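Content type mmCIF, C-alpha atoms, from the file structure.cif:
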data_input
#
loop_
_atom_site.label_atom_id
_atom_site.label_comp_id
_atom_site.auth_asym_id
_atom_site.auth_seq_id
_atom_site.Cartn_x
_atom_site.Cartn_y
_atom_site.Cartn_z
CA MET I 212 38.54 -114.98 102.14
CA LYS I 213 41.41 -117.37 102.92
CA LEU I 214 40.65 -119.32 99.75
CA LEU I 215 40.53 -116.10 97.76
CA LEU I 216 43.91 -115.03 99.10
CA LYS I 217 45.44 -118.45 98.47
CA TYR I 218 44.50 -118.49 94.78
CA ARG I 219 44.51 -114.71 94.26
CA TYR I 220 46.88 -114.72 91.28
CA SER I 221 44.85 -117.21 89.25
CA ILE I 222 41.55 -115.63 90.26
CA ILE I 223 42.60 -112.12 89.23
CA VAL I 224 43.96 -113.33 85.88
CA LEU I 225 40.70 -115.17 85.20
CA ALA I 226 38.67 -112.14 86.32
CA VAL I 227 40.53 -110.04 83.75
CA LEU I 228 40.49 -112.45 80.82
CA VAL I 229 37.24 -114.43 81.00
CA PRO I 230 34.73 -111.53 80.73
CA ARG I 231 36.85 -109.89 78.02
CA ILE I 232 36.96 -113.07 75.96
CA VAL I 233 33.18 -113.39 76.34
CA TRP I 234 32.75 -109.76 75.25
CA PHE I 235 34.99 -110.32 72.23
CA LEU I 236 32.96 -113.40 71.26
CA LEU I 237 29.68 -111.54 71.69
CA LEU I 238 30.99 -108.90 69.27
CA GLY I 239 31.68 -111.67 66.80
CA GLY I 240 35.27 -110.53 66.50
CA ASN I 241 34.19 -107.09 65.31
CA LEU I 242 35.11 -103.71 66.74
CA PRO I 243 32.35 -102.15 68.87
CA GLU I 244 30.12 -99.28 67.85
CA PRO I 245 30.12 -96.31 67.67
CA PRO I 246 33.37 -96.31 65.66
CA ARG I 247 34.76 -93.00 67.00
CA ASP I 248 38.48 -92.71 66.12
CA GLN I 249 39.22 -96.42 65.80
CA GLY I 250 39.72 -96.22 62.05
CA ILE I 251 42.35 -93.50 62.45
CA TYR I 252 44.48 -95.52 64.88
CA ILE I 253 44.23 -98.71 62.81
CA SER I 254 45.07 -96.85 59.59
CA ILE I 255 48.12 -95.12 61.09
CA ALA I 256 49.35 -98.37 62.66
CA GLY I 257 49.11 -100.05 59.26
CA ARG I 258 50.96 -97.19 57.58
CA MET I 259 53.71 -97.38 60.20
CA ASN I 260 54.25 -101.04 59.30
CA GLU I 261 54.44 -100.03 55.65
CA GLY I 262 57.18 -97.52 56.46
CA GLU I 263 54.98 -94.43 56.06
CA GLY I 264 55.36 -93.34 59.68
CA ILE I 265 52.73 -91.35 61.57
CA SER I 266 50.64 -89.95 58.74
CA TYR I 267 47.17 -90.06 57.21
CA SER I 268 46.39 -91.60 53.86
CA ARG I 269 44.53 -89.57 51.26
CA GLU I 270 41.71 -92.12 51.47
CA MET I 271 41.39 -91.59 55.23
CA GLY I 272 41.22 -87.85 54.76
CA LEU I 273 38.41 -88.19 52.25
CA LEU I 274 36.57 -90.71 54.44
CA ARG I 275 36.73 -88.50 57.53
CA SER I 276 35.54 -85.48 55.56
CA THR I 277 32.52 -87.26 54.11
CA MET I 278 31.51 -89.25 57.20
CA THR I 279 31.99 -86.63 59.90
CA ARG I 280 29.03 -86.15 62.22
CA GLU I 281 29.69 -82.43 62.36
CA ALA I 282 27.81 -81.76 59.10
CA VAL I 283 27.75 -78.03 59.82
CA PHE I 284 31.55 -77.97 59.30
CA ARG I 285 31.77 -80.53 56.53
CA SER I 286 32.02 -78.09 53.65
CA SER I 287 34.85 -76.10 55.24
CA TRP I 288 36.80 -79.20 56.21
CA SER I 289 36.49 -80.85 52.81
CA GLN I 290 37.27 -77.81 50.68
CA ASP I 291 40.80 -79.12 50.21
CA PRO I 292 40.98 -82.92 49.96
CA GLU I 293 44.70 -82.73 50.71
CA TYR I 294 44.05 -81.78 54.35
CA LEU I 295 42.35 -83.79 57.08
CA PHE I 296 40.00 -81.56 59.14
CA GLY I 297 41.40 -78.68 57.10
CA ILE I 298 44.58 -78.78 59.22
CA ILE I 299 46.59 -81.95 58.69
CA PRO I 300 48.14 -82.60 55.28
CA VAL I 301 47.61 -86.15 54.04
CA GLU I 302 50.47 -88.43 52.98
CA THR I 303 52.78 -86.29 55.14
CA PRO I 304 54.31 -86.86 58.62
CA THR I 305 52.03 -85.39 61.28
CA ALA I 306 52.12 -84.53 64.99
CA SER I 307 48.34 -84.29 65.22
CA ILE I 308 47.95 -87.25 67.58
CA GLU I 309 50.03 -88.99 70.22
CA PRO I 310 52.32 -91.66 68.73
CA GLY I 311 52.14 -94.25 71.51
CA TYR I 312 49.01 -96.24 70.73
CA PRO I 313 49.59 -96.49 66.95
CA LEU I 314 53.15 -97.64 67.67
CA LEU I 315 51.97 -100.34 70.09
CA LEU I 316 49.25 -101.44 67.70
CA ALA I 317 51.70 -101.54 64.80
CA SER I 318 54.02 -103.72 66.90
CA VAL I 319 51.24 -106.25 67.46
CA PHE I 320 50.21 -106.06 63.80
CA MET I 321 53.74 -107.16 62.88
CA ILE I 322 53.00 -110.46 64.67
CA THR I 323 49.30 -111.02 64.09
CA GLY I 324 48.51 -108.90 61.07
CA PRO I 325 45.93 -106.06 61.08
CA SER I 326 43.11 -107.87 62.87
CA THR I 327 40.60 -107.08 65.60
CA GLY I 328 42.21 -109.90 67.57
CA ALA I 329 45.37 -107.79 67.73
CA VAL I 330 43.39 -104.95 69.31
CA PHE I 331 41.85 -107.31 71.85
CA PHE I 332 45.24 -108.88 72.65
CA LEU I 333 47.00 -105.54 73.17
CA ASN I 334 44.25 -104.09 75.35
CA SER I 335 43.95 -107.31 77.39
CA ILE I 336 47.69 -107.30 78.14
CA PHE I 337 47.35 -103.80 79.51
CA ALA I 338 44.22 -104.80 81.43
CA LEU I 339 46.33 -107.44 83.20
CA LEU I 340 48.92 -104.76 83.94
CA GLY I 341 46.26 -102.42 85.34
CA ALA I 342 44.79 -105.13 87.58
CA TRP I 343 48.27 -105.94 88.89
CA ALA I 344 49.01 -102.25 89.52
CA ILE I 345 45.78 -101.57 91.45
CA TRP I 346 46.43 -104.71 93.50
CA LYS I 347 50.04 -103.75 94.33
CA LEU I 348 49.08 -100.13 94.99
CA THR I 349 46.47 -101.20 97.54
CA ALA I 350 48.50 -104.05 99.07
CA GLU I 351 51.63 -101.98 99.65
CA ASN I 352 49.75 -99.16 101.31
CA TRP I 353 46.66 -100.63 102.98
CA GLY I 354 46.65 -104.42 103.04
CA GLU I 355 46.43 -107.62 101.00
CA LYS I 356 42.73 -108.36 101.53
CA GLN I 357 41.69 -104.91 100.41
CA ALA I 358 44.08 -105.28 97.46
CA VAL I 359 42.50 -108.49 96.20
CA LEU I 360 39.04 -106.93 96.44
CA ALA I 361 40.18 -103.79 94.60
CA ALA I 362 41.79 -105.86 91.83
CA LEU I 363 38.64 -107.97 91.42
CA ILE I 364 36.36 -104.93 91.20
CA TRP I 365 38.76 -103.30 88.75
CA SER I 366 38.92 -106.45 86.59
CA LEU I 367 35.15 -106.90 86.47
CA TYR I 368 34.20 -103.23 86.14
CA PRO I 369 31.81 -103.17 83.14
CA TYR I 370 33.18 -99.97 81.62
CA TYR I 371 36.71 -101.36 81.59
CA ILE I 372 35.55 -104.59 79.96
CA TYR I 373 33.60 -102.56 77.40
CA TYR I 374 36.61 -100.51 76.30
CA THR I 375 38.96 -103.49 76.03
CA ALA I 376 37.57 -104.11 72.53
CA TYR I 377 38.07 -100.51 71.33
CA ALA I 378 41.00 -99.69 69.05
CA MET I 379 41.65 -96.46 70.92
CA THR I 380 43.80 -95.22 73.78
CA ASP I 381 41.22 -95.61 76.55
CA MET I 382 42.11 -99.06 77.93
CA ILE I 383 45.83 -98.33 78.04
CA HIS I 384 45.18 -94.97 79.70
CA ILE I 385 42.95 -96.70 82.25
CA SER I 386 45.66 -99.30 82.95
CA LEU I 387 48.72 -97.04 83.12
CA LEU I 388 47.31 -94.54 85.62
CA PRO I 389 47.39 -97.07 88.53
CA VAL I 390 50.98 -97.88 87.52
CA ILE I 391 51.92 -94.21 87.81
CA LEU I 392 50.16 -93.89 91.18
CA LEU I 393 51.89 -97.03 92.47
CA LEU I 394 55.33 -95.78 91.47
CA THR I 395 54.64 -92.26 92.73
CA LEU I 396 53.71 -93.55 96.20
CA ARG I 397 56.75 -95.83 96.17
CA SER I 398 58.98 -92.89 95.29
CA ALA I 399 58.32 -91.37 98.71
CA SER I 400 60.56 -94.10 100.18
CA GLN I 401 62.39 -95.51 97.12
CA THR I 402 64.43 -93.00 95.14
CA GLY I 403 64.65 -95.26 92.09
CA ALA I 404 60.87 -95.44 91.87
CA GLY I 405 60.87 -91.71 91.06
CA PHE I 406 62.68 -92.30 87.79
CA ALA I 407 60.33 -95.19 86.97
CA SER I 408 57.27 -93.05 87.73
CA GLY I 409 58.59 -90.35 85.40
CA LEU I 410 59.09 -92.91 82.64
CA ALA I 411 55.57 -94.25 83.20
CA ALA I 412 54.13 -90.74 83.03
CA GLY I 413 56.10 -90.13 79.85
CA MET I 414 54.81 -93.34 78.31
CA LEU I 415 51.24 -92.41 79.17
CA PHE I 416 51.80 -88.91 77.76
CA LEU I 417 52.84 -90.44 74.43
CA ILE I 418 49.55 -92.35 74.48
CA ARG I 419 47.29 -89.69 75.98
CA SER I 420 48.65 -86.16 76.35
CA THR I 421 46.55 -85.53 79.48
CA ALA I 422 49.38 -87.18 81.42
CA VAL I 423 51.57 -84.08 81.03
CA PHE I 424 49.54 -82.51 83.84
CA LEU I 425 50.28 -85.41 86.17
CA VAL I 426 53.98 -84.53 86.39
CA PRO I 427 53.50 -81.23 88.31
CA LEU I 428 51.26 -83.11 90.77
CA GLN I 429 53.93 -85.78 91.21
CA LEU I 430 56.49 -83.06 91.89
CA VAL I 431 54.29 -81.31 94.46
CA TRP I 432 53.80 -84.65 96.22
CA LEU I 433 57.57 -85.21 96.40
CA PHE I 434 58.29 -81.62 97.44
CA VAL I 435 55.88 -82.05 100.36
CA LYS I 436 57.81 -85.21 101.25
CA LYS I 437 61.07 -83.23 100.84
CA LYS I 438 62.30 -85.68 98.21
CA TRP I 439 64.12 -83.17 95.99
CA ARG I 440 66.41 -85.72 94.33
CA THR I 441 63.51 -88.04 93.61
CA ALA I 442 61.56 -85.16 92.06
CA LEU I 443 64.48 -84.49 89.74
CA LEU I 444 64.46 -88.17 88.71
CA VAL I 445 60.74 -87.94 87.89
CA VAL I 446 61.40 -85.05 85.51
CA THR I 447 64.41 -86.89 84.05
CA GLY I 448 62.37 -90.03 83.38
CA PHE I 449 59.57 -88.04 81.75
CA VAL I 450 61.92 -86.00 79.57
CA LEU I 451 63.91 -89.04 78.42
CA CYS I 452 60.70 -90.76 77.39
CA CYS I 453 59.54 -87.76 75.36
CA ILE I 454 62.85 -86.80 73.71
CA PRO I 455 62.48 -89.14 70.69
CA TRP I 456 59.04 -87.68 69.91
CA VAL I 457 60.28 -84.08 70.16
CA ILE I 458 63.37 -84.79 68.04
CA ARG I 459 61.24 -86.54 65.41
CA ASN I 460 58.95 -83.50 65.18
CA GLN I 461 61.91 -81.15 64.88
CA LEU I 462 63.28 -83.21 62.01
CA VAL I 463 60.06 -83.74 60.05
CA LEU I 464 58.04 -80.64 60.96
CA GLY I 465 60.80 -78.14 61.69
CA SER I 466 59.61 -77.54 65.26
CA PRO I 467 60.05 -79.48 68.54
CA VAL I 468 56.30 -80.05 68.98
CA LEU I 469 55.32 -81.67 72.27
CA MET I 470 51.51 -81.44 72.44
CA PRO I 471 49.37 -82.87 69.59
CA THR I 472 48.43 -80.22 67.05
CA LYS I 473 44.85 -81.52 66.79
CA GLY I 474 44.25 -80.03 70.25
CA SER I 475 43.47 -76.72 68.60
CA LEU I 476 40.62 -78.29 66.66
CA ASN I 477 39.23 -79.89 69.81
CA LEU I 478 39.34 -76.60 71.72
CA TRP I 479 37.59 -74.73 68.91
CA MET I 480 34.92 -77.39 68.47
CA ARG I 481 34.18 -78.03 72.16
CA ASN I 482 33.06 -74.43 72.67
CA ASN I 483 31.14 -74.08 69.43
CA PRO I 484 27.36 -73.91 70.08
CA SER I 485 26.56 -75.30 66.60
CA LEU I 486 28.47 -78.51 67.29
CA LEU I 487 27.20 -78.78 70.85
CA ALA I 488 23.61 -78.59 69.56
CA ILE I 489 24.31 -81.66 67.39
CA GLU I 490 25.46 -83.48 70.53
CA GLY I 491 22.33 -82.49 72.42
CA ILE I 492 23.89 -79.77 74.56
CA SER I 493 21.68 -76.70 74.41
CA ILE I 494 22.68 -73.18 75.38
CA PRO I 495 20.23 -71.11 77.47
CA GLY I 496 18.64 -68.29 75.51
CA PHE I 497 20.11 -65.47 77.59
CA ILE I 498 23.62 -66.84 76.97
CA GLU I 499 22.96 -67.62 73.29
CA ASP I 500 21.71 -64.09 72.69
CA GLY I 501 24.79 -62.58 74.28
CA ILE I 502 27.43 -64.49 72.29
CA ASN I 503 30.13 -62.16 71.00
CA ARG I 504 32.41 -62.51 67.98
CA ARG I 505 30.28 -65.04 66.12
CA ASP I 506 32.66 -64.66 63.19
CA LEU I 507 35.14 -66.75 65.17
CA LEU I 508 32.72 -69.70 64.99
CA GLU I 509 33.32 -69.94 61.26
CA TYR I 510 36.09 -72.25 60.16
CA PRO I 511 38.97 -69.95 59.19
CA PRO I 512 40.11 -69.73 55.57
CA MET I 513 43.43 -71.53 55.15
CA ASP I 514 44.40 -70.24 51.70
CA GLY I 515 48.15 -69.69 51.47
CA ILE I 516 48.81 -71.48 54.77
CA ASP I 517 50.37 -74.83 53.97
CA SER I 518 51.96 -76.24 57.12
CA GLU I 519 50.14 -78.21 59.79
CA LEU I 520 51.69 -76.11 62.56
CA ASP I 521 50.61 -72.79 61.04
CA ARG I 522 47.07 -74.04 60.42
CA SER I 523 46.87 -75.40 63.96
CA ARG I 524 48.11 -72.11 65.44
CA LEU I 525 45.54 -70.15 63.44
CA LEU I 526 42.70 -72.32 64.72
CA MET I 527 44.07 -72.24 68.27
CA ASP I 528 44.18 -68.42 68.21
CA ARG I 529 40.61 -68.35 66.94
CA ALA I 530 39.48 -70.74 69.69
CA LYS I 531 41.18 -68.73 72.45
CA ASP I 532 39.85 -65.43 71.12
CA PHE I 533 36.30 -66.81 71.14
CA ILE I 534 36.65 -68.11 74.70
CA PHE I 535 38.00 -64.80 75.99
CA ALA I 536 35.22 -62.94 74.17
CA ASN I 537 32.55 -65.16 75.79
CA PRO I 538 33.45 -65.87 79.43
CA LEU I 539 29.80 -66.48 80.38
CA LEU I 540 29.35 -69.13 77.69
CA PHE I 541 32.65 -70.79 78.62
CA SER I 542 31.72 -70.80 82.32
CA TYR I 543 28.35 -72.36 81.54
CA LEU I 544 29.91 -75.07 79.36
CA THR I 545 32.49 -75.79 82.07
CA VAL I 546 29.69 -76.45 84.54
CA VAL I 547 27.89 -78.66 82.01
CA ARG I 548 31.06 -80.65 81.34
CA PHE I 549 31.63 -80.93 85.09
CA GLY I 550 28.25 -82.61 85.42
CA LEU I 551 28.78 -84.87 82.40
CA PHE I 552 32.15 -85.97 83.77
CA LEU I 553 30.62 -87.07 87.09
CA SER I 554 27.36 -88.32 85.63
CA PRO I 555 26.69 -92.08 85.72
CA THR I 556 24.89 -91.88 82.36
CA GLY I 557 25.75 -88.65 80.54
CA GLY I 558 28.35 -87.68 78.00
CA THR I 559 30.28 -90.00 75.75
CA ILE I 560 28.80 -93.47 76.35
CA GLU I 561 25.60 -94.11 74.39
CA ASN I 562 25.20 -97.83 75.16
CA SER I 563 22.13 -98.51 77.33
CA VAL I 564 23.85 -101.37 79.20
CA ALA I 565 26.76 -99.07 80.01
CA LYS I 566 24.34 -96.46 81.33
CA LEU I 567 22.66 -99.07 83.51
CA ALA I 568 26.08 -100.04 84.86
CA GLY I 569 26.61 -96.40 85.71
CA LEU I 570 23.42 -96.22 87.74
CA LEU I 571 23.82 -99.53 89.53
CA ILE I 572 27.59 -99.68 89.99
CA TYR I 573 29.28 -96.33 89.46
CA LEU I 574 26.85 -94.16 91.43
CA PRO I 575 26.96 -96.22 94.69
CA MET I 576 30.72 -96.59 94.30
CA PHE I 577 31.16 -92.84 93.87
CA LEU I 578 29.13 -92.07 97.00
CA ILE I 579 31.04 -94.67 99.03
CA ALA I 580 34.38 -93.36 97.75
CA VAL I 581 33.52 -89.76 98.68
CA ARG I 582 32.60 -90.86 102.18
CA GLU I 583 35.76 -92.96 102.57
CA ALA I 584 37.99 -90.20 101.21
CA PHE I 585 36.54 -87.75 103.73
CA ARG I 586 37.09 -90.22 106.56
CA ARG I 587 40.73 -90.67 105.50
CA ARG I 588 41.37 -87.02 104.75
CA ARG I 589 44.45 -86.99 107.00
CA ASP I 590 46.09 -89.79 105.04
CA GLY I 591 48.53 -88.20 102.60
CA ARG I 592 48.26 -91.15 100.23
CA VAL I 593 44.51 -90.70 99.95
CA ILE I 594 44.99 -86.97 99.46
CA LEU I 595 47.21 -87.72 96.46
CA LEU I 596 44.55 -90.00 94.96
CA VAL I 597 41.84 -87.39 95.48
CA CYS I 598 44.05 -84.72 93.89
CA VAL I 599 44.47 -86.89 90.79
CA PHE I 600 40.69 -87.28 90.54
CA ILE I 601 40.19 -83.53 90.94
CA LEU I 602 42.89 -82.86 88.33
CA TYR I 603 41.09 -85.00 85.74
CA LEU I 604 37.75 -83.48 86.71
CA SER I 605 39.12 -79.96 86.27
CA LEU I 606 40.88 -80.60 82.97
CA HIS I 607 37.92 -82.25 81.32
CA SER I 608 35.44 -79.74 82.70
CA LEU I 609 37.45 -77.13 80.79
CA ALA I 610 37.73 -79.28 77.67
CA HIS I 611 35.70 -82.43 77.06
CA GLY I 612 33.55 -83.73 79.90
CA GLY I 613 31.78 -87.05 79.58
CA VAL I 614 31.97 -90.45 81.23
CA ARG I 615 34.61 -91.76 78.86
CA TYR I 616 37.17 -89.21 80.05
CA ARG I 617 36.48 -90.04 83.69
CA LEU I 618 37.18 -93.76 83.36
CA PRO I 619 40.90 -93.68 84.24
CA VAL I 620 40.18 -92.11 87.63
CA ASP I 621 37.37 -94.57 88.33
CA SER I 622 40.32 -96.69 89.52
CA ILE I 623 40.57 -94.31 92.47
CA LEU I 624 36.90 -94.80 93.31
CA ILE I 625 37.38 -98.57 93.10
CA LEU I 626 40.33 -98.45 95.49
CA LEU I 627 38.47 -96.31 98.02
CA THR I 628 35.44 -98.61 97.78
CA ALA I 629 37.69 -101.59 98.59
CA LEU I 630 39.09 -99.72 101.60
CA PHE I 631 35.56 -98.98 102.78
CA ALA I 632 34.57 -102.64 102.46
CA GLY I 633 37.74 -103.74 104.27
CA ARG I 634 37.10 -101.35 107.12
CA LYS I 635 33.51 -102.53 107.49
CA ALA I 636 34.69 -106.16 107.41
CA GLY I 637 37.24 -105.47 110.11
CA TRP I 638 40.27 -106.27 107.99
CA GLY I 639 43.51 -104.95 109.42
CA GLU I 640 45.44 -102.41 107.39
CA LYS I 641 49.11 -102.30 106.52
CA GLU I 642 51.29 -100.69 109.16
CA LEU I 643 52.82 -97.31 108.44
CA SER I 644 56.37 -97.28 107.13
CA ALA I 645 59.13 -96.40 109.60
CA GLU I 646 59.45 -92.92 108.12
CA GLU I 647 55.69 -92.29 108.32
CA GLY I 648 55.56 -93.71 111.84
CA GLU I 649 58.33 -91.39 113.04
CA ARG I 650 56.59 -88.40 111.51
CA GLU I 651 53.31 -89.35 113.18
CA ILE I 652 55.04 -89.61 116.57
CA GLU I 653 56.66 -86.19 116.07
CA GLU I 654 53.31 -84.63 115.17
CA LYS I 655 51.70 -86.09 118.30
#
Kindly return the structure encoded in the file as structure tokens.
Amino acid sequence: MKLLLKYRYSIIVLAVLVPRIVWFLLLGGNLPEPPRDQGIYISIAGRMNEGEGISYSREMGLLRSTMTREAVFRSSWSQDPEYLFGIIPVETPTASIEPGYPLLLASVFMITGPSTGAVFFLNSIFALLGAWAIWKLTAENWGEKQAVLAALIWSLYPYYIYYTAYAMTDMIHISLLPVILLLTLRSASQTGAGFASGLAAGMLFLIRSTAVFLVPLQLVWLFVKKKWRTALLVVTGFVLCCIPWVIRNQLVLGSPVLMPTKGSLNLWMRNNPSLLAIEGISIPGFIEDGINRRDLLEYPPMDGIDSELDRSRLLMDRAKDFIFANPLLFSYLTVVRFGLFLSPTGGTIENSVAKLAGLLIYLPMFLIAVREAFRRRRDGRVILLVCVFILYLSLHSLAHGGVRYRLPVDSILILLTALFAGRKAGWGEKELSAEEGEREIEEK
């Protein structure tokens, strides 16, 4: 362990880069399958470099309409070739997706050109950032030995290596969450860290809109700590990060849109039994027979509705009306998504090697983390980590489910596993801060 601590910087960097380089070489420099939304991000990044901004080309709209897996909706989506998914006008500025990842990818493209190497480079840089953040988060709160172990597990975690090659938001989401947790815990004793944590949450929001729900949790944490000024700085940092996006949408769309407009499509699709059947999710007969308002499952006619915002609102209203008309179906799907989120093999990862990693690595780690979290249930820092995990679990049980959406909070399981190993090995833990020590004495 002494040798590991002595050369920890070099070892962690190598642990991040070497397996990712090997993975990139095994792919032959190609993007991994299945393609998912990689083409969309690459296309938008390229158009941004051409001065077209965040928009879809007419060719991309046609490609997505003809290649979509959801064949049951293909005819309705492709009725008008000028709209992607029937909602988003092509060759026109859009707020359908978060701007962060295309902007980062476009920045790298300006240096390297539109290549798969650019994707690998960008994601690997953020992987280094994530490994550093999980190391600092653990070291500052529990000890250096546990921190090195947590960073090594994080760096070598097969799922994280797998997604480094994807031209999507996953790797950056995975990497930024430990940064936000690190800064949030720091903000309990460092006022300036509150502003930085708000900026980090804002940056993640512009990459993955799920992060908007982290801010209320950050504020609750600081309110419990009676850090009112720091809480205000968190909000300030988040708002300042998001202002350019909101102003841009006001200027080009006529409305200060914050959340991506494509969310309405996702909500409508994720509760549609026809689509779920394609994905292998079956509905029990007694629920299927009792489905109300089946007319809402049909893609709505968009004749005479031109704007992206109006089309999105129409589909959102249809999705909400269907959910409220079928509470039993929605409750059942929430439970299914709950299981897929926690499952070591289910949901959104089809690769057999990834599923094996889930059985052999994730499942034991999850059980260990649950045990360690229960043992440390009086530690406010652990409570915050557990609340973040529960937040992600709740959100995606209501919306998506699946292993892929759980991956960012696997960092929490990794950290708790490192704490468990450190406790079993007899490693000492970091002393409480003066403020925490005084509070503990007062409680006693």
Nearby residues (all atoms listed in the file) at most 10 Å from Val546 (chain I), same-chain spacing under 4 positions excluded, as a ChimeraX atom specification: /I:541-542,550-552,608-609,612
Selection result for the PyMOL selection byres ((chain I and resi 411-423) around 10) on this file, as a PyMOL selection string: chain I and resi 308-315+379-381+383-388+390-392+394-395+405-410+424-429+445-454+456+469-471+474+602-603+606-607
Selection result for the PyMOL selection byres ((chain I and resi 235) around 12) on this file, as a count of residues only: 29
Which region 546-637 of chain I residues have any atom within 10 Å of an atom of region 489-510 of chain I, and for each, what is the nearest pair of atoms with distance in Å to one decimal, counting only C-alpha atoms, rows sorted by chain and number, as JSON lines?
{"residue": "I:Val547", "atom": "CA", "partner": "I:Ile492", "partner_atom": "CA", "distance": 8.5}
{"residue": "I:Arg548", "atom": "CA", "partner": "I:Ile492", "partner_atom": "CA", "distance": 9.9}
{"residue": "I:Gly558", "atom": "CA", "partner": "I:Glu490", "partner_atom": "CA", "distance": 9.0}
{"residue": "I:Thr559", "atom": "CA", "partner": "I:Glu490", "partner_atom": "CA", "distance": 9.6}
Tell me, as a JSON list (two decimals) with C-alpha atoms, in the coordinates of the input, which residues lie within 7 Å of Leu433 (chain I), counting only C-alpha atoms; anything in the same chain fewer than 6 positions away does not count.
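Final output, saved to out05.json:
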[["chain", "number", "residue", "atom", "x", "y", "z"],
["I", 399, "ALA", "CA", 58.32, -91.37, 98.71],
["I", 439, "TRP", "CA", 64.12, -83.17, 95.99],
["I", 442, "ALA", "CA", 61.56, -85.16, 92.06]]
